[in-house]
>>> print(open('coords-v3.cif').read())   # mmCIF, C-alpha atoms
data_coords
loop_
_atom_site.label_atom_id
_atom_site.label_comp_id
_atom_site.auth_asym_id
_atom_site.auth_seq_id
_atom_site.Cartn_x
_atom_site.Cartn_y
_atom_site.Cartn_z
CA MET A 1 -6.31 -6.27 30.82
CA ALA A 2 -9.17 -4.91 32.82
CA LYS A 3 -11.97 -3.93 30.52
CA SER A 4 -15.52 -3.09 31.26
CA HIS A 5 -17.85 -5.66 29.75
CA SER A 6 -20.56 -3.13 29.10
CA THR A 7 -18.57 -1.32 26.44
CA VAL A 8 -15.85 -2.14 23.95
CA LEU A 9 -14.12 1.17 24.68
CA ALA A 10 -11.26 0.81 27.16
CA HIS A 11 -11.21 3.55 29.80
CA HIS A 12 -7.84 5.00 28.78
CA PHE A 13 -9.05 5.96 25.31
CA ASP A 14 -11.16 9.00 24.43
CA SER A 15 -13.00 7.41 21.57
CA ILE A 16 -13.45 4.19 19.60
CA GLU A 17 -11.56 5.77 16.69
CA GLN A 18 -8.59 6.59 18.89
CA GLN A 19 -8.61 3.09 20.31
CA ARG A 20 -8.75 1.59 16.83
CA GLU A 21 -5.91 3.76 15.55
CA ALA A 22 -3.74 2.92 18.54
CA SER A 23 -4.27 -0.81 17.97
CA SER A 24 -3.52 -0.60 14.28
CA LEU A 25 -0.41 1.53 14.88
CA GLY A 26 0.82 -0.96 17.47
CA MET A 27 0.34 -3.79 14.97
CA TRP A 28 2.27 -1.87 12.33
CA ILE A 29 5.16 -1.36 14.73
CA PHE A 30 5.17 -5.10 15.34
CA LEU A 31 5.14 -5.67 11.57
CA VAL A 32 8.13 -3.33 11.20
CA THR A 33 10.06 -5.52 13.65
CA GLU A 34 9.01 -8.45 11.47
CA ILE A 35 10.39 -6.64 8.40
CA MET A 36 13.73 -6.42 10.20
CA PHE A 37 13.46 -10.06 11.32
CA PHE A 38 13.01 -11.30 7.75
CA GLY A 39 15.31 -8.49 6.58
CA GLY A 40 18.33 -10.21 8.12
CA LEU A 41 17.68 -13.27 5.98
CA PHE A 42 17.02 -11.15 2.90
CA THR A 43 20.30 -9.28 3.47
CA GLY A 44 22.22 -12.55 3.81
CA TYR A 45 20.56 -13.80 0.65
CA VAL A 46 21.48 -10.63 -1.28
CA VAL A 47 25.12 -10.81 -0.16
CA TYR A 48 25.61 -14.47 -1.10
CA ARG A 49 23.66 -14.22 -4.30
CA THR A 50 25.86 -11.28 -5.32
CA ILE A 51 28.94 -13.37 -4.61
CA TYR A 52 27.66 -16.60 -6.26
CA PRO A 53 25.00 -15.54 -8.80
CA GLY A 54 25.46 -18.55 -11.10
CA VAL A 55 25.30 -21.15 -8.35
CA PHE A 56 22.18 -19.61 -6.82
CA ALA A 57 20.49 -19.79 -10.23
CA GLU A 58 21.59 -23.43 -10.48
CA GLY A 59 20.17 -24.21 -7.04
CA SER A 60 16.95 -22.46 -7.99
CA HIS A 61 16.54 -24.91 -10.91
CA HIS A 62 15.82 -27.63 -8.34
CA LEU A 63 12.77 -25.84 -7.00
CA ASP A 64 9.35 -26.75 -8.39
CA ILE A 65 8.08 -23.69 -10.28
CA THR A 66 4.63 -25.29 -10.71
CA LEU A 67 4.08 -25.92 -6.99
CA GLY A 68 5.62 -22.53 -6.14
CA GLY A 69 3.34 -20.81 -8.64
CA ILE A 70 0.25 -22.62 -7.33
CA ASN A 71 1.18 -21.61 -3.80
CA THR A 72 1.53 -17.97 -4.87
CA VAL A 73 -2.00 -18.08 -6.30
CA VAL A 74 -3.30 -19.86 -3.17
CA LEU A 75 -1.75 -17.27 -0.84
CA ILE A 76 -2.93 -14.23 -2.81
CA THR A 77 -6.44 -15.73 -2.91
CA SER A 78 -6.27 -16.20 0.86
CA SER A 79 -5.37 -12.51 1.17
CA LEU A 80 -8.52 -11.67 -0.80
CA THR A 81 -10.71 -13.85 1.45
CA MET A 82 -9.02 -12.30 4.52
CA ALA A 83 -9.75 -8.78 3.25
CA LEU A 84 -13.36 -9.82 2.64
CA ALA A 85 -13.51 -11.29 6.17
CA VAL A 86 -12.46 -7.93 7.64
CA ARG A 87 -15.04 -6.23 5.43
CA SER A 88 -17.74 -8.60 6.70
CA ALA A 89 -16.80 -7.75 10.29
CA GLN A 90 -16.93 -4.02 9.45
CA MET A 91 -20.48 -4.56 8.19
CA SER A 92 -21.51 -6.69 11.20
CA ASN A 93 -22.18 -9.64 8.89
CA ARG A 94 -21.42 -12.55 11.19
CA LYS A 95 -22.29 -15.30 8.71
CA SER A 96 -20.04 -14.08 5.90
CA LEU A 97 -17.27 -13.30 8.42
CA VAL A 98 -17.34 -16.95 9.52
CA ILE A 99 -17.38 -18.18 5.91
CA PHE A 100 -14.45 -15.99 4.83
CA LEU A 101 -12.43 -16.92 7.93
CA ILE A 102 -12.97 -20.62 7.15
CA LEU A 103 -11.95 -20.06 3.50
CA THR A 104 -8.81 -18.19 4.59
CA ILE A 105 -7.86 -20.96 7.02
CA LEU A 106 -8.42 -23.64 4.36
CA LEU A 107 -6.31 -21.74 1.82
CA GLY A 108 -3.58 -21.28 4.45
CA LEU A 109 -3.61 -25.01 5.18
CA THR A 110 -3.49 -25.74 1.42
CA PHE A 111 -0.39 -23.56 1.17
CA LEU A 112 1.25 -25.39 4.07
CA GLY A 113 0.30 -28.78 2.60
CA ILE A 114 1.87 -27.94 -0.75
CA LYS A 115 4.95 -26.61 1.05
CA LEU A 116 5.20 -29.91 2.93
CA VAL A 117 5.08 -31.84 -0.36
CA GLU A 118 7.87 -29.62 -1.69
CA TYR A 119 9.98 -30.20 1.43
CA GLY A 120 9.37 -33.93 0.99
CA HIS A 121 10.74 -33.78 -2.55
CA LYS A 122 13.85 -32.01 -1.29
CA PHE A 123 14.45 -34.74 1.31
CA ARG A 124 13.99 -37.37 -1.41
CA ASP A 125 16.48 -35.56 -3.68
CA HIS A 126 19.07 -35.14 -0.87
CA LEU A 127 18.87 -31.36 -1.14
CA VAL A 128 18.32 -30.65 2.56
CA PRO A 129 21.47 -29.10 4.11
CA GLY A 130 22.77 -31.11 7.01
CA PHE A 131 20.46 -34.07 6.34
CA GLY A 132 22.50 -36.18 3.93
CA PHE A 133 22.97 -33.36 1.44
CA SER A 134 24.56 -34.61 -1.72
CA TYR A 135 25.00 -32.78 -4.98
CA PRO A 136 27.17 -33.66 -7.98
CA GLY A 137 29.78 -31.24 -9.22
CA PRO A 138 32.37 -28.90 -7.75
CA GLU A 139 29.79 -26.28 -6.64
CA ALA A 140 28.03 -28.58 -4.15
CA GLY A 141 28.96 -26.40 -1.16
CA HIS A 142 27.54 -23.25 -2.68
CA VAL A 143 24.37 -25.01 -3.86
CA GLU A 144 23.99 -26.21 -0.27
CA LEU A 145 24.26 -22.56 0.81
CA PHE A 146 21.38 -21.68 -1.54
CA PHE A 147 19.30 -24.41 0.09
CA VAL A 148 20.19 -23.13 3.56
CA PHE A 149 18.59 -19.83 2.52
CA TYR A 150 15.69 -21.63 0.85
CA PHE A 151 14.85 -23.60 3.98
CA PHE A 152 15.38 -20.79 6.47
CA MET A 153 13.39 -18.24 4.47
CA THR A 154 10.49 -20.49 3.48
CA GLY A 155 10.64 -22.22 6.89
CA LEU A 156 10.34 -18.95 8.80
CA HIS A 157 7.56 -17.93 6.43
CA ALA A 158 5.74 -21.25 6.94
CA LEU A 159 6.09 -20.83 10.71
CA HIS A 160 4.34 -17.47 10.38
CA MET A 161 1.61 -19.18 8.36
CA VAL A 162 1.12 -21.76 11.12
CA ALA A 163 0.82 -18.96 13.69
CA GLY A 164 -1.59 -17.13 11.37
CA VAL A 165 -3.79 -20.20 10.96
CA GLY A 166 -3.82 -20.56 14.77
CA VAL A 167 -4.86 -16.94 15.26
CA LEU A 168 -7.57 -17.22 12.60
CA THR A 169 -8.93 -20.39 14.23
CA ILE A 170 -9.33 -18.54 17.54
CA LEU A 171 -11.00 -15.65 15.71
CA LEU A 172 -13.32 -18.12 14.01
CA ILE A 173 -14.48 -19.43 17.38
CA LEU A 174 -14.97 -15.89 18.71
CA ALA A 175 -16.75 -14.82 15.52
CA GLY A 176 -19.08 -17.79 15.88
CA ARG A 177 -20.00 -16.49 19.34
CA GLY A 178 -20.85 -13.15 17.78
CA LEU A 179 -18.08 -11.16 19.44
CA PHE A 180 -17.35 -8.96 16.43
CA SER A 181 -19.45 -6.18 14.96
CA ALA A 182 -19.02 -2.83 13.24
CA GLU A 183 -18.34 -1.36 16.72
CA TYR A 184 -15.61 -3.83 17.59
CA TYR A 185 -13.64 -5.85 15.06
CA THR A 186 -10.07 -4.83 15.96
CA PRO A 187 -8.80 -8.42 16.39
CA VAL A 188 -10.04 -9.32 12.90
CA GLU A 189 -8.47 -6.18 11.43
CA LEU A 190 -5.11 -6.86 13.14
CA ALA A 191 -5.08 -10.54 12.18
CA GLY A 192 -5.77 -9.33 8.63
CA LEU A 193 -2.73 -7.02 8.74
CA TYR A 194 -0.59 -9.95 9.90
CA TRP A 195 -1.95 -12.29 7.23
CA HIS A 196 -1.36 -9.77 4.42
CA PHE A 197 2.15 -9.11 5.74
CA VAL A 198 2.96 -12.83 5.50
CA ASP A 199 1.55 -12.73 1.96
CA ILE A 200 3.89 -9.84 1.09
CA ILE A 201 6.89 -11.81 2.37
CA TRP A 202 5.95 -14.65 0.01
CA ILE A 203 5.51 -12.16 -2.86
CA PHE A 204 9.25 -11.46 -2.49
CA LEU A 205 10.36 -15.02 -1.69
CA PHE A 206 8.73 -16.41 -4.82
CA PRO A 207 10.79 -14.48 -7.41
CA LEU A 208 13.96 -14.51 -5.28
CA LEU A 209 13.95 -18.28 -4.78
CA TYR A 210 11.93 -19.81 -7.60
CA LEU A 211 12.27 -17.47 -10.55
CA ILE A 212 15.99 -16.65 -10.60
CA GLY A 213 17.83 -18.32 -13.42
CA LEU A 214 14.73 -19.84 -15.04
CA HIS A 215 15.87 -18.21 -18.28
CA LEU A 216 19.22 -19.99 -17.97
CA LYS A 217 17.68 -23.41 -17.60
CA GLY A 218 18.87 -25.95 -20.11
CA SER A 219 21.67 -23.75 -21.39
CA MET B 1 -13.14 9.53 11.53
CA VAL B 2 -15.37 6.64 10.60
CA GLU B 3 -13.53 3.54 9.44
CA HIS B 4 -13.64 3.32 5.68
CA VAL B 5 -15.33 0.22 4.27
CA GLU B 6 -13.85 -0.66 0.90
CA SER B 7 -16.21 -1.87 -1.80
CA LYS B 8 -16.04 -5.50 -2.89
CA LYS B 9 -15.28 -4.35 -6.42
CA VAL B 10 -12.01 -2.73 -5.31
CA TYR B 11 -10.88 -5.94 -3.56
CA PHE B 12 -11.67 -8.10 -6.58
CA THR B 13 -9.98 -5.66 -8.96
CA VAL B 14 -6.81 -5.65 -6.84
CA PHE B 15 -6.96 -9.46 -6.72
CA VAL B 16 -7.19 -9.73 -10.52
CA VAL B 17 -4.29 -7.28 -10.96
CA LEU B 18 -2.20 -9.33 -8.49
CA MET B 19 -2.96 -12.51 -10.46
CA VAL B 20 -2.04 -10.85 -13.78
CA LEU B 21 1.23 -9.56 -12.27
CA THR B 22 2.02 -13.07 -10.95
CA PHE B 23 1.42 -14.49 -14.44
CA ILE B 24 3.62 -11.79 -16.03
CA THR B 25 6.47 -12.27 -13.56
CA ILE B 26 6.54 -16.03 -14.28
CA GLN B 27 6.42 -15.53 -18.05
CA VAL B 28 9.15 -12.89 -17.97
CA ALA B 29 11.36 -15.13 -15.84
CA PHE B 30 11.59 -17.63 -18.72
CA MET B 31 12.96 -14.99 -21.12
CA ASP B 32 16.63 -14.13 -21.14
CA LEU B 33 16.70 -10.36 -20.68
CA GLY B 34 20.06 -10.11 -18.97
CA TRP B 35 20.17 -7.70 -16.04
CA LEU B 36 16.55 -6.72 -16.75
CA ASN B 37 15.40 -10.07 -15.33
CA ASN B 38 16.26 -9.02 -11.79
CA ILE B 39 14.83 -5.53 -12.19
CA LEU B 40 11.53 -6.87 -13.56
CA ALA B 41 11.20 -9.65 -10.95
CA LEU B 42 11.78 -7.26 -8.05
CA GLY B 43 9.88 -4.39 -9.65
CA ILE B 44 6.78 -6.56 -10.08
CA ALA B 45 7.14 -7.87 -6.51
CA VAL B 46 7.32 -4.29 -5.20
CA CYS B 47 4.18 -3.40 -7.20
CA LYS B 48 2.32 -6.43 -5.81
CA ALA B 49 3.42 -5.69 -2.24
CA THR B 50 2.37 -2.04 -2.61
CA LEU B 51 -1.08 -3.06 -3.88
CA VAL B 52 -1.55 -5.49 -0.97
CA ALA B 53 -0.47 -2.84 1.54
CA LEU B 54 -2.48 0.04 0.09
CA PHE B 55 -5.76 -1.80 -0.43
CA PHE B 56 -5.85 -5.07 1.55
CA MET B 57 -4.05 -3.55 4.55
CA HIS B 58 -5.94 -0.25 4.26
CA VAL B 59 -2.77 1.83 4.29
CA ARG B 60 -4.49 4.11 1.78
CA TYR B 61 -6.81 5.25 4.58
CA SER B 62 -4.31 5.06 7.44
CA THR B 63 -3.07 8.00 9.45
CA ARG B 64 0.14 9.79 8.52
CA LEU B 65 1.73 8.38 11.66
CA THR B 66 1.20 4.87 10.28
CA TRP B 67 2.78 5.93 6.99
CA VAL B 68 5.82 7.28 8.85
CA VAL B 69 6.19 4.00 10.80
CA ILE B 70 6.00 1.88 7.63
CA LEU B 71 8.32 4.05 5.54
CA GLY B 72 10.71 4.32 8.51
CA GLY B 73 10.84 0.52 8.74
CA LEU B 74 11.53 0.18 5.03
CA PHE B 75 14.18 2.90 5.22
CA TRP B 76 15.99 0.98 7.97
CA LEU B 77 15.79 -2.21 5.91
CA GLY B 78 17.35 -0.23 3.05
CA ILE B 79 20.18 0.91 5.32
CA MET B 80 20.83 -2.67 6.43
CA ILE B 81 21.05 -4.01 2.89
CA ALA B 82 22.88 -1.02 1.36
CA LEU B 83 25.57 -0.72 4.04
CA THR B 84 26.14 -4.49 4.17
CA LEU B 85 26.52 -4.62 0.39
CA SER B 86 28.81 -1.58 0.37
CA ASP B 87 31.14 -3.66 2.53
CA TYR B 88 30.96 -6.95 0.62
CA LEU B 89 31.03 -5.41 -2.86
CA THR B 90 34.11 -3.31 -2.19
CA ARG B 91 36.26 -5.92 -0.43
CA SER B 92 37.89 -7.00 -3.69
CA TRP B 93 38.87 -3.41 -4.47
CA LEU B 94 41.58 -3.57 -1.87
CA THR B 95 44.71 -5.50 -2.60
CA TYR B 96 47.17 -5.97 0.13
CA PRO B 97 49.98 -8.43 0.74
CA GLY B 98 48.99 -11.88 1.81
CA HIS B 99 45.46 -11.59 0.45
#
>>> encode(input="coords-v3.cif", output="structure tokens")
Amino acid sequence: MAKSHSTVLAHHFDSIEQQREASSLGMWIFLVTEIMFFGGLFTGYVVYRTIYPGVFAEGSHHLDITLGGINTVVLITSSLTMALAVRSAQMSNRKSLVIFLILTILLGLTFLGIKLVEYGHKFRDHLVPGFGFSYPGPEAGHVELFFVFYFFMTGLHALHMVAGVGVLTILLILAGRGLFSAEYYTPVELAGLYWHFVDIIWIFLFPLLYLIGLHLKGS
Amino acid sequence: MVEHVESKKVYFTVFVVLMVLTFITIQVAFMDLGWLNNILALGIAVCKATLVALFFMHVRYSTRLTWVVILGGLFWLGIMIALTLSDYLTRSWLTYPGH
């Protein structure tokens, strides 16, 4: 992309505002394709959970509500630090932008670390479909189906987190060089949109995977 | 249009509300409320997602075109889920020989 180095305004835009709005609209269109991407998995989940509600609740009992809950708190906190990072960029505060980007990255890595521990537990308990899955009882096949959804949905989500952490790391380097200011912070704003979107996906995954059938536990 | 800079107070308030909603959704999940369990779990998730979008993602100050794009995307997601379910949920209504 050819861009004059003297100004942050690309020549095909009339104004900075127009340029900013075009970037943000483009990001939203990308996020809509992401909604459809995850939407396929959500649709599959809804169909099979409607067909096997009891078994999905049973499979859900094997997820760790404590770790899942902690991860929800971690991710929402990371959304707060990301929002504050964008705000820092809007106010040309380079130091606090760097601090909030680092906090967001650390919280993202914490989330991924906890997720890894959870995956480890599932391997230990033979609950990973296709990798020596074993489950007592006649419903083993349908429980395995629940775990197929669990791994694909949380896996795709985790992959988005990894990409997000990568993007934020690049932004951190650029922010350290003082590239962003109140005039030009579009990359920070767009990375923020992506990060919050990934947070929203988790906001739905958490109740759909971890919380279903908690009230049936032990009965 | 000058980009709106949200106050820190708004961000922290939204954060606290999100935390409270997370706490409520976990507590409610342990109670047996029948069909209400699903409604509450998803209802709270929708509220949380809306808060994140409106405030953290600045949708509140976005252009109408952005609103149309977002609502259009959600509408299409609704079509995908509703039409797929209308197939799966009605399959058992039909009874024909050999089935």
>>> residues_around(input="coords-v3.cif", residues="range 73-78 of chain A", least_positions_apart="2", cutoff="8 Å", atoms="all atoms listed in the file", output="list of chain:residue names")
A:Gly69, A:Ile70, A:Asn71, A:Leu80, A:Thr81, A:Met82, A:Leu103, A:Thr104, A:Ile105, A:Leu107, A:Gly108, A:Thr110, A:Phe111, A:Asp199, B:Phe15, B:Leu18, B:Met19, B:Thr22
>>> closest_residue(input="coords-v3.cif", among="A:Phe149, A:Phe204, A:Tyr184, A:Tyr194", to="Val47 in chain A", atoms="only C-alpha atoms")
A:Phe149
>>> closest_residue(input="coords-v3.cif", among="B:Ile81, B:Val14, B:Leu36, B:Val59", to="chain A", atoms="only C-alpha atoms")
B:Ile81
>>> residues_near_point(input="coords-v3.cif", point="(-20.0, 2.1, 16.6)", cutoff="10 Å", atoms="all atoms listed in the file", output="JSON, numbers by chain")
{"A": [8, 16, 17, 90, 181, 182, 183, 184], "B": [2, 3]}
>>> write_last_selection(input="coords-v3.cif", atoms="C-alpha atoms", output="short mmCIF file (atom, residue, chain, number, x, y, z; two decimals), keeping the file's coordinate frame")
data_model
loop_
_atom_site.label_atom_id
_atom_site.label_comp_id
_atom_site.auth_asym_id
_atom_site.auth_seq_id
_atom_site.Cartn_x
_atom_site.Cartn_y
_atom_site.Cartn_z
CA VAL A 8 -15.85 -2.14 23.95
CA ILE A 16 -13.45 4.19 19.60
CA GLU A 17 -11.56 5.77 16.69
CA GLN A 90 -16.93 -4.02 9.45
CA SER A 181 -19.45 -6.18 14.96
CA ALA A 182 -19.02 -2.83 13.24
CA GLU A 183 -18.34 -1.36 16.72
CA TYR A 184 -15.61 -3.83 17.59
CA VAL B 2 -15.37 6.64 10.60
CA GLU B 3 -13.53 3.54 9.44
#
>>> resolve_selection(input="coords-v3.cif", expression="the PyMOL selection byres ((chain B) within 9 of (chain A))", output="ChimeraX atom specification")
/B:1-8,11-12,14-15,18-19,22-23,25-26,28-33,37-38,41-42,45-46,48-50,52-53,55-58,62-63,65-66,69-70,72-74,76-77,80-82,84-85,88-89
>>> resolve_selection(input="coords-v3.cif", expression="the PyMOL selection byres ((chain A and resi 178) around 10)", output="PyMOL selection string")
chain A and resi 92-95+98+172-177+179-181
>>> closest_residue(input="coords-v3.cif", among="A:Val198, A:Ser23, A:Ala10, A:Phe56", to="Phe146 in chain A", atoms="all atoms listed in the file")
A:Phe56
>>> closest_residue(input="coords-v3.cif", among="A:Pro53, A:Tyr150, A:Phe123, A:Leu63", to="Trp35 in chain B", atoms="all atoms listed in the file")
A:Pro53
>>> closest_residue(input="coords-v3.cif", among="A:Tyr52, A:Gly132, A:His121, A:Leu109", to="Leu168 in chain A", atoms="only C-alpha atoms")
A:Leu109
>>> atom_distance(input="coords-v3.cif", atom1="CA of Phe152 in chain A", atom2="CA of Leu41 in chain A")
7.9 Å
>>> atom_distance(input="coords-v3.cif", atom1="CA of Val148 in chain A", atom2="CA of Val117 in chain A")
17.9 Å
>>> atom_distance(input="coords-v3.cif", atom1="CA of Lys9 in chain B", atom2="CA of Leu21 in chain B")
18.3 Å
>>> resolve_selection(input="coords-v3.cif", expression="the PyMOL selection byres ((chain A and resi 129) around 7)", output="PyMOL selection string")
chain A and resi 127-128+130-131+133+144+147-148
>>> closest_residue(input="coords-v3.cif", among="A:Phe13, A:Phe100, A:Phe151, A:Tyr135", to="Lys115 in chain A", atoms="only C-alpha atoms")
A:Phe151
